[in-house]
file entry-v4.cif (mmCIF, C-alpha atoms)
data_input
loop_
_atom_site.label_atom_id
_atom_site.label_comp_id
_atom_site.auth_asym_id
_atom_site.auth_seq_id
_atom_site.Cartn_x
_atom_site.Cartn_y
_atom_site.Cartn_z
CA MET A 18 -20.88 -12.94 8.36
CA ALA A 19 -23.60 -13.16 10.96
CA THR A 20 -24.46 -16.42 12.67
CA THR A 21 -28.05 -17.50 13.16
CA THR A 22 -28.06 -15.81 16.56
CA ASP A 23 -26.86 -12.46 15.26
CA THR A 24 -29.39 -9.71 14.77
CA PRO A 25 -29.19 -7.52 11.67
CA ASN A 26 -28.25 -4.59 13.88
CA SER A 27 -25.44 -6.48 15.62
CA SER A 28 -24.14 -7.70 12.28
CA SER A 29 -24.13 -4.14 10.93
CA ILE A 30 -22.31 -2.86 14.01
CA GLY A 31 -19.78 -5.69 13.76
CA MET A 32 -19.14 -4.90 10.10
CA ARG A 33 -18.63 -1.23 10.89
CA LYS A 34 -16.10 -2.14 13.58
CA LYS A 35 -14.19 -4.28 11.12
CA VAL A 36 -14.18 -1.44 8.61
CA VAL A 37 -12.84 0.98 11.23
CA VAL A 38 -10.08 -1.46 12.22
CA ALA A 39 -9.13 -2.07 8.58
CA VAL A 40 -8.92 1.67 7.89
CA ALA A 41 -7.02 2.36 11.11
CA GLY A 42 -4.56 -0.48 10.65
CA SER A 43 -3.88 0.41 7.04
CA ALA A 44 -3.61 4.15 7.72
CA ILE A 45 -1.15 3.71 10.57
CA GLU A 46 1.10 1.32 8.67
CA TRP A 47 1.13 3.47 5.56
CA TYR A 48 1.58 6.68 7.51
CA ASP A 49 4.85 5.24 8.77
CA PHE A 50 5.81 4.20 5.28
CA PHE A 51 4.89 7.51 3.63
CA ILE A 52 6.65 9.79 6.07
CA TYR A 53 9.80 7.92 5.14
CA ALA A 54 8.94 8.25 1.45
CA THR A 55 8.36 11.99 1.81
CA ALA A 56 11.48 12.48 3.89
CA SER A 57 13.56 10.48 1.42
CA ALA A 58 12.51 12.82 -1.38
CA LEU A 59 12.96 16.03 0.60
CA VAL A 60 15.55 15.88 3.41
CA LEU A 61 17.22 12.51 4.04
CA ASN A 62 19.73 13.06 1.25
CA LYS A 63 21.06 16.11 3.11
CA LEU A 64 21.11 14.44 6.52
CA PHE A 65 22.43 10.97 5.73
CA PHE A 66 24.23 11.39 2.38
CA PRO A 67 25.76 14.89 2.53
CA ALA A 68 29.06 13.83 0.93
CA PHE A 69 27.37 13.36 -2.45
CA SER A 70 26.00 15.81 -5.01
CA ASN A 71 22.37 16.83 -4.77
CA SER A 72 21.17 14.48 -7.51
CA ALA A 73 23.35 11.59 -6.29
CA GLY A 74 22.14 12.16 -2.73
CA ILE A 75 18.53 12.00 -3.85
CA LEU A 76 19.21 8.75 -5.71
CA LEU A 77 20.84 7.24 -2.62
CA SER A 78 18.01 8.47 -0.42
CA LEU A 79 15.41 6.95 -2.74
CA SER A 80 17.48 3.75 -2.76
CA THR A 81 17.01 3.41 1.00
CA PHE A 82 13.30 3.86 0.31
CA ALA A 83 13.52 0.94 -2.12
CA VAL A 84 15.39 -1.24 0.38
CA GLY A 85 12.28 -1.51 2.55
CA PHE A 86 10.46 -3.18 -0.32
CA LEU A 87 12.97 -5.99 -0.66
CA VAL A 88 11.97 -7.68 2.60
CA ARG A 89 8.23 -7.20 2.15
CA PRO A 90 7.75 -10.63 0.51
CA PHE A 91 9.55 -12.19 3.48
CA GLY A 92 7.23 -10.30 5.79
CA ALA A 93 4.27 -11.51 3.73
CA ALA A 94 5.41 -15.13 4.02
CA LEU A 95 6.09 -14.83 7.75
CA PHE A 96 2.94 -12.99 8.75
CA GLY A 97 0.87 -14.93 6.21
CA HIS A 98 1.91 -18.16 7.93
CA PHE A 99 0.79 -16.92 11.33
CA GLY A 100 -2.31 -15.26 9.92
CA ASP A 101 -3.50 -18.49 8.30
CA ARG A 102 -2.64 -20.59 11.35
CA PHE A 103 -3.48 -18.39 14.32
CA GLY A 104 -5.76 -15.62 13.11
CA ARG A 105 -5.96 -12.28 11.33
CA LYS A 106 -6.26 -9.96 14.32
CA PRO A 107 -3.16 -10.90 16.41
CA THR A 108 -1.05 -11.01 13.28
CA LEU A 109 -2.14 -7.54 12.21
CA VAL A 110 -1.51 -6.11 15.70
CA THR A 111 2.01 -7.58 15.74
CA ALA A 112 2.81 -6.05 12.36
CA MET A 113 1.58 -2.65 13.54
CA MET A 114 3.72 -2.74 16.68
CA LEU A 115 6.82 -3.71 14.72
CA MET A 116 6.26 -0.93 12.22
CA GLY A 117 5.68 1.65 14.96
CA ALA A 118 8.85 0.71 16.80
CA ALA A 119 11.00 0.97 13.67
CA THR A 120 9.48 4.27 12.59
CA THR A 121 9.91 5.87 15.99
CA ALA A 122 13.52 4.69 16.02
CA ILE A 123 14.16 6.48 12.70
CA GLY A 124 13.06 9.70 14.34
CA LEU A 125 15.72 9.20 17.01
CA LEU A 126 18.62 8.21 14.74
CA PRO A 127 21.85 10.22 14.69
CA THR A 128 22.70 11.80 11.35
CA TYR A 129 25.83 11.56 9.21
CA ALA A 130 27.23 14.68 10.85
CA SER A 131 27.18 12.92 14.24
CA VAL A 132 28.28 9.33 13.56
CA GLY A 133 29.41 9.24 9.93
CA THR A 134 28.69 6.14 7.87
CA LEU A 135 26.97 4.42 10.80
CA ALA A 136 24.01 6.75 10.28
CA PRO A 137 22.95 5.48 6.83
CA LEU A 138 23.57 1.89 7.96
CA LEU A 139 21.18 2.32 10.88
CA LEU A 140 18.73 4.01 8.55
CA VAL A 141 18.78 1.01 6.20
CA LEU A 142 18.31 -1.39 9.14
CA MET A 143 15.21 0.44 10.36
CA ARG A 144 13.95 0.58 6.80
CA LEU A 145 14.28 -3.20 6.53
CA ILE A 146 12.21 -3.65 9.70
CA GLN A 147 9.57 -1.30 8.29
CA GLY A 148 9.37 -3.38 5.13
CA LEU A 149 9.08 -6.63 7.06
CA ALA A 150 6.15 -5.27 9.07
CA LEU A 151 4.38 -3.79 6.06
CA GLY A 152 4.66 -7.13 4.28
CA GLY A 153 2.22 -8.63 6.78
CA GLN A 154 -0.07 -5.70 7.39
CA TRP A 155 -1.98 -5.39 4.14
CA GLY A 156 -3.29 -8.95 4.04
CA GLY A 157 -4.60 -8.75 7.60
CA ALA A 158 -6.40 -5.45 7.09
CA VAL A 159 -7.93 -6.67 3.83
CA LEU A 160 -9.15 -10.03 5.13
CA ILE A 161 -10.73 -8.61 8.28
CA VAL A 162 -13.33 -6.93 6.08
CA CYS A 163 -13.42 -9.10 2.94
CA GLU A 164 -14.05 -12.35 4.81
CA ALA A 165 -16.94 -10.80 6.73
CA ALA A 166 -18.55 -8.76 3.96
CA PRO A 167 -21.60 -9.90 1.95
CA ALA A 168 -20.49 -11.24 -1.43
CA HIS A 169 -22.41 -8.58 -3.37
CA ARG A 170 -20.62 -5.79 -1.43
CA ARG A 171 -17.22 -7.38 -0.96
CA GLY A 172 -15.53 -4.95 -3.31
CA PHE A 173 -16.98 -1.92 -1.54
CA TYR A 174 -16.12 -3.07 1.98
CA GLY A 175 -12.70 -4.36 0.97
CA SER A 176 -11.79 -0.97 -0.43
CA PHE A 177 -11.79 0.57 3.04
CA ALA A 178 -8.48 -1.14 3.69
CA GLN A 179 -7.22 0.89 0.72
CA ILE A 180 -8.62 4.17 2.02
CA GLY A 181 -6.03 4.02 4.78
CA VAL A 182 -3.41 4.71 2.12
CA PRO A 183 -4.61 8.18 1.01
CA LEU A 184 -5.44 9.02 4.63
CA ALA A 185 -1.86 8.18 5.55
CA LEU A 186 -0.54 10.17 2.62
CA ILE A 187 -2.61 13.18 3.68
CA CYS A 188 -1.48 12.97 7.31
CA SER A 189 2.18 12.57 6.46
CA ASN A 190 2.22 15.37 3.90
CA VAL A 191 0.15 17.73 6.08
CA ILE A 192 2.61 17.25 8.93
CA PHE A 193 5.60 17.89 6.67
CA LEU A 194 3.82 20.89 5.14
CA ALA A 195 3.04 22.34 8.59
CA LEU A 196 6.61 21.83 9.78
CA SER A 197 8.00 23.41 6.63
CA ALA A 198 5.76 26.44 7.14
CA THR A 199 6.46 26.89 10.86
CA THR A 200 10.18 26.17 11.05
CA THR A 201 13.20 27.61 9.35
CA GLU A 202 15.16 25.49 6.91
CA GLY A 203 17.87 25.00 9.51
CA ALA A 204 15.43 24.04 12.27
CA PHE A 205 13.62 21.64 9.96
CA LEU A 206 16.89 19.89 9.07
CA GLN A 207 18.02 19.86 12.70
CA TRP A 208 14.91 18.53 14.46
CA GLY A 209 11.70 19.24 12.51
CA TRP A 210 11.97 16.22 10.24
CA ARG A 211 12.02 13.95 13.32
CA VAL A 212 8.57 14.96 14.56
CA PRO A 213 6.47 12.89 12.07
CA PHE A 214 8.50 9.76 12.85
CA ILE A 215 8.23 10.11 16.63
CA LEU A 216 4.47 10.74 16.39
CA SER A 217 4.14 7.19 15.06
CA ILE A 218 4.26 5.74 18.57
CA VAL A 219 1.09 7.64 19.46
CA LEU A 220 -0.74 6.38 16.37
CA VAL A 221 0.22 2.79 17.09
CA GLY A 222 -1.32 3.11 20.55
CA VAL A 223 -4.55 4.37 19.01
CA GLY A 224 -4.58 1.48 16.52
CA ILE A 225 -4.03 -1.17 19.16
CA TYR A 226 -6.87 0.28 21.22
CA ALA A 227 -9.18 0.16 18.20
CA GLN A 228 -8.28 -3.48 17.57
CA SER A 229 -8.94 -4.36 21.20
CA ARG A 230 -12.55 -3.31 20.68
CA LEU A 231 -12.99 -5.76 17.82
CA GLU A 232 -14.51 -9.12 18.67
CA GLY A 233 -15.05 -12.25 16.68
CA VAL A 234 -12.55 -11.76 13.87
CA ASP A 235 -10.70 -14.98 14.59
CA SER A 236 -13.39 -16.89 16.43
CA ALA A 237 -13.97 -19.15 13.44
CA GLN A 238 -10.53 -20.61 12.88
CA HIS A 239 -10.36 -24.03 11.30
CA ASP A 240 -10.62 -27.07 13.53
CA ARG A 241 -7.59 -28.34 11.61
CA PRO A 242 -5.58 -25.29 10.57
CA ASN A 243 -3.08 -25.56 7.77
CA ARG A 244 0.36 -26.23 9.27
CA LEU A 245 2.35 -25.08 6.24
CA PRO A 246 0.20 -22.62 4.29
CA LEU A 247 3.14 -21.24 2.32
CA VAL A 248 4.07 -24.71 1.06
CA ASP A 249 0.50 -25.37 -0.05
CA LEU A 250 0.31 -21.95 -1.64
CA LEU A 251 3.44 -22.39 -3.73
CA ARG A 252 2.48 -25.93 -4.69
CA ASP A 253 -1.19 -25.49 -5.58
CA HIS A 254 -1.69 -21.76 -6.10
CA TRP A 255 1.50 -20.40 -7.62
CA ARG A 256 -0.34 -19.21 -10.74
CA GLU A 257 -2.79 -17.17 -8.70
CA THR A 258 0.08 -15.74 -6.66
CA LEU A 259 1.90 -14.60 -9.79
CA GLN A 260 -1.33 -13.17 -11.24
CA ALA A 261 -1.93 -11.14 -8.07
CA ALA A 262 1.67 -9.93 -8.25
CA GLY A 263 1.22 -8.92 -11.88
CA ALA A 264 -1.97 -7.03 -11.09
CA THR A 265 -0.14 -5.15 -8.32
CA LEU A 266 2.65 -3.96 -10.63
CA LEU A 267 0.66 -1.00 -11.90
CA ASN A 268 -0.78 -0.07 -8.51
CA ALA A 269 2.68 -0.02 -6.94
CA ALA A 270 4.52 1.78 -9.74
CA ALA A 271 1.81 4.35 -10.40
CA TYR A 272 1.26 5.20 -6.76
CA TYR A 273 4.92 5.78 -5.97
CA VAL A 274 5.38 7.83 -9.11
CA LEU A 275 2.34 9.94 -8.18
CA ALA A 276 3.12 10.25 -4.48
CA VAL A 277 6.93 10.15 -4.27
CA TYR A 278 8.63 10.82 -7.59
CA VAL A 279 6.58 13.92 -8.40
CA LEU A 280 7.87 15.52 -5.19
CA ALA A 281 11.48 15.22 -6.32
CA TYR A 282 10.58 16.03 -9.95
CA PHE A 283 8.70 19.21 -9.06
CA THR A 284 11.21 20.49 -6.51
CA THR A 285 14.56 19.32 -7.89
CA GLY A 286 13.85 18.87 -11.59
CA LEU A 287 11.73 21.99 -12.02
CA GLY A 288 13.00 24.06 -9.09
CA PHE A 289 9.65 24.89 -7.45
CA PRO A 290 8.87 25.05 -3.70
CA LYS A 291 8.10 21.72 -2.05
CA SER A 292 5.04 23.19 -0.30
CA ALA A 293 3.31 23.66 -3.66
CA ILE A 294 3.54 20.05 -4.84
CA LEU A 295 2.79 18.73 -1.34
CA THR A 296 -0.48 20.65 -1.50
CA ALA A 297 -1.31 19.15 -4.90
CA VAL A 298 -0.56 15.63 -3.67
CA ILE A 299 -2.76 16.17 -0.61
CA ILE A 300 -5.70 17.40 -2.71
CA ALA A 301 -5.41 14.39 -5.03
CA ALA A 302 -5.32 12.07 -2.01
CA VAL A 303 -8.48 13.67 -0.59
CA VAL A 304 -10.26 13.01 -3.88
CA SER A 305 -9.14 9.37 -3.86
CA ILE A 306 -10.84 8.79 -0.48
CA VAL A 307 -14.09 9.12 -2.42
CA THR A 308 -13.07 7.54 -5.72
CA ILE A 309 -11.51 4.37 -4.24
CA PRO A 310 -14.75 3.05 -2.67
CA ALA A 311 -16.73 4.34 -5.64
CA ALA A 312 -14.57 2.30 -8.02
CA ALA A 313 -14.80 -0.73 -5.74
CA HIS A 314 -18.59 -0.38 -5.68
CA LEU A 315 -18.52 -0.30 -9.47
CA SER A 316 -16.56 -3.56 -9.40
CA ASP A 317 -19.38 -5.16 -7.37
CA ARG A 318 -21.71 -4.31 -10.25
CA ILE A 319 -19.69 -4.87 -13.43
CA GLY A 320 -16.85 -7.10 -12.23
CA ARG A 321 -13.37 -6.65 -10.79
CA ARG A 322 -11.45 -7.18 -14.02
CA LYS A 323 -13.57 -4.82 -16.09
CA THR A 324 -13.20 -2.05 -13.54
CA TYR A 325 -9.47 -2.65 -13.36
CA ALA A 326 -9.13 -2.58 -17.15
CA ILE A 327 -10.94 0.77 -17.37
CA GLY A 328 -8.54 2.30 -14.88
CA ALA A 329 -5.39 0.77 -16.34
CA VAL A 330 -6.10 1.86 -19.91
CA ALA A 331 -7.12 5.37 -18.85
CA LEU A 332 -4.08 5.76 -16.61
CA ALA A 333 -1.69 4.55 -19.33
CA ILE A 334 -3.06 7.25 -21.63
CA TRP A 335 -3.39 10.05 -19.07
CA VAL A 336 0.11 9.74 -17.62
CA PHE A 337 1.53 11.58 -20.66
CA PRO A 338 -0.60 14.76 -20.43
CA MET A 339 -0.28 14.53 -16.64
CA PHE A 340 3.46 15.17 -16.85
CA TRP A 341 2.97 17.84 -19.50
CA LEU A 342 0.69 19.74 -17.12
CA ILE A 343 3.08 19.32 -14.18
CA THR A 344 6.00 20.52 -16.32
CA THR A 345 4.26 23.86 -16.87
CA GLY A 346 5.10 24.69 -13.25
CA SER A 347 1.52 25.78 -12.59
CA ILE A 348 0.34 24.39 -9.27
CA VAL A 349 -3.28 24.57 -10.47
CA LEU A 350 -2.55 22.48 -13.56
CA ALA A 351 -0.37 20.10 -11.55
CA THR A 352 -3.22 19.59 -9.08
CA ILE A 353 -5.70 18.88 -11.86
CA ALA A 354 -3.26 16.44 -13.44
CA LEU A 355 -2.78 14.50 -10.19
CA VAL A 356 -6.49 14.48 -9.33
CA VAL A 357 -7.44 12.99 -12.70
CA ALA A 358 -4.65 10.43 -12.35
CA GLN A 359 -5.95 9.43 -8.91
CA VAL A 360 -9.44 8.89 -10.30
CA PHE A 361 -8.12 6.43 -12.89
CA PHE A 362 -5.77 4.88 -10.35
CA SER A 363 -8.72 4.23 -8.02
CA CYS A 364 -10.28 1.94 -10.62
CA THR A 365 -7.30 -0.41 -10.32
CA TYR A 366 -6.67 0.11 -6.62
CA GLY A 367 -10.17 -0.01 -5.15
CA PRO A 368 -11.19 -3.50 -6.35
CA ALA A 369 -7.81 -5.11 -5.49
CA PRO A 370 -8.67 -6.40 -1.96
CA ALA A 371 -11.79 -8.25 -3.11
CA LEU A 372 -10.13 -9.40 -6.32
CA PHE A 373 -7.20 -10.96 -4.48
CA SER A 374 -9.28 -12.36 -1.61
CA GLU A 375 -11.50 -14.18 -4.08
CA MET A 376 -8.51 -15.86 -5.72
CA PHE A 377 -7.50 -18.05 -2.75
CA GLY A 378 -9.07 -20.65 -0.45
CA HIS A 379 -9.40 -19.75 3.22
CA GLN A 380 -6.52 -21.89 4.53
CA VAL A 381 -3.95 -20.12 2.35
CA ARG A 382 -5.69 -16.79 1.85
CA TYR A 383 -3.60 -14.64 4.19
CA SER A 384 -0.41 -16.06 2.66
CA GLY A 385 -1.68 -15.79 -0.92
CA VAL A 386 -3.08 -12.28 -0.68
CA SER A 387 -0.01 -11.00 1.18
CA LEU A 388 2.67 -12.68 -0.91
CA GLY A 389 1.04 -11.90 -4.26
CA TYR A 390 0.56 -8.26 -3.34
CA GLN A 391 4.06 -7.81 -1.90
CA LEU A 392 5.82 -9.50 -4.81
CA GLY A 393 4.09 -7.08 -7.13
CA ALA A 394 4.89 -4.17 -4.83
CA VAL A 395 8.59 -5.05 -4.84
CA THR A 396 8.76 -5.55 -8.60
CA GLY A 397 6.62 -2.58 -9.55
CA GLY A 398 7.06 -0.10 -6.72
CA ALA A 399 10.39 -0.59 -5.00
CA PHE A 400 12.46 1.09 -7.66
CA ALA A 401 9.75 3.14 -9.38
CA PRO A 402 10.89 6.54 -8.01
CA LEU A 403 14.51 5.55 -8.60
CA ILE A 404 13.87 4.39 -12.18
CA ALA A 405 11.80 7.48 -12.93
CA THR A 406 14.55 9.74 -11.57
CA ALA A 407 17.23 7.92 -13.56
CA LEU A 408 15.16 8.00 -16.77
CA TYR A 409 14.58 11.72 -16.48
CA ALA A 410 18.26 12.34 -15.72
CA GLU A 411 19.30 10.31 -18.76
CA PHE A 412 16.79 11.55 -21.34
CA GLY A 413 15.65 14.88 -19.87
CA SER A 414 12.06 14.21 -20.82
CA SER A 415 8.99 13.33 -18.76
CA ASN A 416 7.63 11.40 -21.76
CA VAL A 417 10.10 8.60 -21.02
CA VAL A 418 8.83 8.38 -17.44
CA ALA A 419 5.25 8.31 -18.71
CA ALA A 420 6.10 5.54 -21.18
CA TYR A 421 7.59 3.55 -18.30
CA VAL A 422 4.30 3.75 -16.36
CA ALA A 423 2.26 2.94 -19.47
CA GLY A 424 4.37 -0.15 -20.15
CA ILE A 425 3.74 -1.45 -16.65
CA ALA A 426 0.02 -0.86 -17.17
CA VAL A 427 0.09 -3.22 -20.16
CA LEU A 428 1.81 -5.95 -18.11
CA SER A 429 -0.76 -5.63 -15.34
CA LEU A 430 -3.65 -5.75 -17.81
CA VAL A 431 -2.37 -9.07 -19.13
CA SER A 432 -2.07 -10.47 -15.60
CA VAL A 433 -5.62 -9.46 -14.68
CA ALA A 434 -6.99 -10.91 -17.93
CA LEU A 435 -5.50 -14.28 -16.97
CA ILE A 436 -7.23 -14.41 -13.57
CA SER A 437 -9.81 -17.19 -13.55
CA GLN A 438 -12.92 -17.70 -11.44
CA PRO A 439 -12.63 -17.06 -7.70
CA ARG A 440 -12.29 -19.55 -4.86
CA MET A 441 -14.27 -17.44 -2.39
CA SER A 442 -17.93 -18.26 -2.95
CA THR A 443 -20.98 -16.38 -1.68
CA SER A 444 -20.86 -18.42 1.53
CA ASP A 445 -17.07 -18.55 1.95
CA THR A 446 -16.18 -16.39 4.94
CA SER A 447 -14.14 -16.92 8.03
CA ARG A 448 -17.13 -18.84 9.42
CA ALA A 449 -17.39 -21.11 6.39
CA PRO A 450 -13.86 -21.87 5.19
CA ALA A 451 -13.20 -22.93 1.64
CA ALA A 452 -11.12 -25.87 0.61
CA ALA A 453 -7.46 -25.16 0.10
CA GLY A 454 -6.97 -27.61 -2.72
CA PRO A 455 -6.73 -26.84 -6.42
CA ARG A 456 -10.44 -27.33 -7.13
CA ARG A 457 -11.98 -24.14 -8.49
CA SER A 458 -15.17 -22.55 -7.31
CA GLN A 459 -18.00 -22.37 -9.79
CA VAL A 460 -19.30 -19.07 -8.43
CA GLY A 461 -18.37 -16.29 -10.81
CA LEU A 462 -17.89 -13.07 -8.84
CA LEU A 463 -15.33 -11.39 -11.04
CA ASP A 464 -17.41 -10.81 -14.11
#
call {"tool": "encode", "arguments": {"input": "entry-v4.cif", "output": "structure tokens"}}
result
Amino acid sequence: MATTTDTPNSSSIGMRKKVVVAVAGSAIEWYDFFIYATASALVLNKLFFPAFSNSAGILLSLSTFAVGFLVRPFGAALFGHFGDRFGRKPTLVTAMMLMGAATTAIGLLPTYASVGTLAPLLLVLMRLIQGLALGGQWGGAVLIVCEAAPAHRRGFYGSFAQIGVPLALICSNVIFLALSATTTEGAFLQWGWRVPFILSIVLVGVGIYAQSRLEGVDSAQHDRPNRLPLVDLLRDHWRETLQAAGATLLNAAAYYVLAVYVLAYFTTGLGFPKSAILTAVIIAAVVSIVTIPAAAHLSDRIGRRKTYAIGAVALAIWVFPMFWLITTGSIVLATIALVVAQVFFSCTYGPAPALFSEMFGHQVRYSGVSLGYQLGAVTGGAFAPLIATALYAEFGSSNVVAAYVAGIAVLSLVSVALISQPRMSTSDTSRAPAAAGPRRSQVGLLD
């Protein structure tokens, strides 16, 4: 928020800088995460688990994808502590650097053919480091914009931290698509798959430069910062933390089914070229760049919970015909199915940054937002592609996978319905910190 000495123009420029940093930080972190997700569905089974059957190799490959989720709550607690004590910006930069180093290292790893079982062990180690870094990234990117945005536009501005996700998905899939089109199968397996991982080091450099141009994010730290924000969070705000986790269940499960599982389902389950479904995923992601802020803007007008409920109900219903259309094998119908799903998904995903930021007082906000989100991501998203693959293998029907997503939607709807009034008032920004105690704000921003 602007101080009394800020001009409207300087405030607008400062807000735009924060939006750029939030988008850049989120896009870079999720690019690293998604190239692993894409590779795990397409090639890592052949490179690191060649001794197993095709289906077993895919399950093991997706399991390494899930491993990265398991440490995300630990990353949220660690980076949340430093973010609440020492500032949003340095914490976010540290998370980005850690993620970039781990991702680049994956691109340089020896495969099973070179070092045997050491290869998958190293892969899991790098995956754990990725998860630790991602656990602290989301909260920092979200709070940089949400704590500075005007209350009546908090949903809209907060959604830009989410736009980094489809941007990252587009970049990662475009790179894999280009490599698949310009290299032979042998060349892609030998060295082509490494290129997206090694490129991460360049993107991290760009992100750090963008953050260096941002001023004033942490200039308003508390005179008496909270020494143990995690302790206070778990003591006074455990309900809010669990509610945020419950709301994230659907976002996590649905996104990884839409972005990861459908790749394996379309290529392995239905036997179609991977380039076709990658194109459909990219188109759906492009659409979500528009629908995410649009849904968040709607939440500024009608309330976060109402917007979320619209998306959750619609997605729970649509997921059934979505799979029916994909199963036809038509890339046109598959694209339409994924685009419609992304529109409904945006209604739950776009308002999430503002919704979660408004649930916690300033002194525990980084910890609360990060831990709540990452707990939900682990529970709902870590094993979503694995569960979907196993369900389809067992029952041979996409309806079972759709029912799984719909069931999670119901759980998330209940969690969101239980969220009470927010702690972030119209004047509660990084320049006007809110109390961290259990007293509730009387400003109703949700509905």
call {"tool": "resolve_selection", "arguments": {"input": "entry-v4.cif", "expression": "the PyMOL selection byres ((chain A and resi 394) around 12)", "output": "VMD selection string"}}
result
chain A and resid 83 85 to 90 93 148 151 to 152 155 259 261 to 273 387 to 393 395 to 401
call {"tool": "write_last_selection", "arguments": {"input": "entry-v4.cif", "atoms": "C-alpha atoms", "output": "PDB file, keeping the file's coordinate frame"}}
result
ATOM      1  CA  ALA A  83      13.520   0.940  -2.120  1.00  0.00           C
ATOM      2  CA  GLY A  85      12.280  -1.510   2.550  1.00  0.00           C
ATOM      3  CA  PHE A  86      10.460  -3.180  -0.320  1.00  0.00           C
ATOM      4  CA  LEU A  87      12.970  -5.990  -0.660  1.00  0.00           C
ATOM      5  CA  VAL A  88      11.970  -7.680   2.600  1.00  0.00           C
ATOM      6  CA  ARG A  89       8.230  -7.200   2.150  1.00  0.00           C
ATOM      7  CA  PRO A  90       7.750 -10.630   0.510  1.00  0.00           C
ATOM      8  CA  ALA A  93       4.270 -11.510   3.730  1.00  0.00           C
ATOM      9  CA  GLY A 148       9.370  -3.380   5.130  1.00  0.00           C
ATOM     10  CA  LEU A 151       4.380  -3.790   6.060  1.00  0.00           C
ATOM     11  CA  GLY A 152       4.660  -7.130   4.280  1.00  0.00           C
ATOM     12  CA  TRP A 155      -1.980  -5.390   4.140  1.00  0.00           C
ATOM     13  CA  LEU A 259       1.900 -14.600  -9.790  1.00  0.00           C
ATOM     14  CA  ALA A 261      -1.930 -11.140  -8.070  1.00  0.00           C
ATOM     15  CA  ALA A 262       1.670  -9.930  -8.250  1.00  0.00           C
ATOM     16  CA  GLY A 263       1.220  -8.920 -11.880  1.00  0.00           C
ATOM     17  CA  ALA A 264      -1.970  -7.030 -11.090  1.00  0.00           C
ATOM     18  CA  THR A 265      -0.140  -5.150  -8.320  1.00  0.00           C
ATOM     19  CA  LEU A 266       2.650  -3.960 -10.630  1.00  0.00           C
ATOM     20  CA  LEU A 267       0.660  -1.000 -11.900  1.00  0.00           C
ATOM     21  CA  ASN A 268      -0.780  -0.070  -8.510  1.00  0.00           C
ATOM     22  CA  ALA A 269       2.680  -0.020  -6.940  1.00  0.00           C
ATOM     23  CA  ALA A 270       4.520   1.780  -9.740  1.00  0.00           C
ATOM     24  CA  ALA A 271       1.810   4.350 -10.400  1.00  0.00           C
ATOM     25  CA  TYR A 272       1.260   5.200  -6.760  1.00  0.00           C
ATOM     26  CA  TYR A 273       4.920   5.780  -5.970  1.00  0.00           C
ATOM     27  CA  SER A 387      -0.010 -11.000   1.180  1.00  0.00           C
ATOM     28  CA  LEU A 388       2.670 -12.680  -0.910  1.00  0.00           C
ATOM     29  CA  GLY A 389       1.040 -11.900  -4.260  1.00  0.00           C
ATOM     30  CA  TYR A 390       0.560  -8.260  -3.340  1.00  0.00           C
ATOM     31  CA  GLN A 391       4.060  -7.810  -1.900  1.00  0.00           C
ATOM     32  CA  LEU A 392       5.820  -9.500  -4.810  1.00  0.00           C
ATOM     33  CA  GLY A 393       4.090  -7.080  -7.130  1.00  0.00           C
ATOM     34  CA  VAL A 395       8.590  -5.050  -4.840  1.00  0.00           C
ATOM     35  CA  THR A 396       8.760  -5.550  -8.600  1.00  0.00           C
ATOM     36  CA  GLY A 397       6.620  -2.580  -9.550  1.00  0.00           C
ATOM     37  CA  GLY A 398       7.060  -0.100  -6.720  1.00  0.00           C
ATOM     38  CA  ALA A 399      10.390  -0.590  -5.000  1.00  0.00           C
ATOM     39  CA  PHE A 400      12.460   1.090  -7.660  1.00  0.00           C
ATOM     40  CA  ALA A 401       9.750   3.140  -9.380  1.00  0.00           C
TER      41      ALA A 401
END
call {"tool": "residues_around", "arguments": {"input": "entry-v4.cif", "residues": "Ser217 (chain A)", "least_positions_apart": "2", "cutoff": "7 Å", "atoms": "only C-alpha atoms", "output": "PDB file with C-alpha atoms, in the frame of the given file"}}
result
ATOM      1  CA  ASP A  49       4.850   5.240   8.770  1.00  0.00           C
ATOM      2  CA  GLY A 117       5.680   1.650  14.960  1.00  0.00           C
ATOM      3  CA  THR A 120       9.480   4.270  12.590  1.00  0.00           C
ATOM      4  CA  THR A 121       9.910   5.870  15.990  1.00  0.00           C
ATOM      5  CA  PRO A 213       6.470  12.890  12.070  1.00  0.00           C
ATOM      6  CA  PHE A 214       8.500   9.760  12.850  1.00  0.00           C
ATOM      7  CA  ILE A 215       8.230  10.110  16.630  1.00  0.00           C
ATOM      8  CA  VAL A 219       1.090   7.640  19.460  1.00  0.00           C
ATOM      9  CA  LEU A 220      -0.740   6.380  16.370  1.00  0.00           C
ATOM     10  CA  VAL A 221       0.220   2.790  17.090  1.00  0.00           C
TER      11      VAL A 221
END
call {"tool": "atom_distance", "arguments": {"input": "entry-v4.cif", "atom1": "CA of Leu350 (chain A)", "atom2": "CA of Leu403 (chain A)"}}
result
24.5 Å
call {"tool": "atom_distance", "arguments": {"input": "entry-v4.cif", "atom1": "CA of Ile334 (chain A)", "atom2": "CA of Tyr282 (chain A)"}}
result
20.0 Å
call {"tool": "atom_distance", "arguments": {"input": "entry-v4.cif", "atom1": "CA of Phe205 (chain A)", "atom2": "CA of Met143 (chain A)"}}
result
21.3 Å
call {"tool": "axis_aligned_box", "arguments": {"input": "entry-v4.cif", "around": "region 402-413 of chain A", "padding_each_side": "3 Å", "output": "lines of an AutoDock Vina configuration file"}}
result
center_x = 15.1
center_y = 9.6
center_z = -14.7
size_x = 14.4
size_y = 16.5
size_z = 19.3
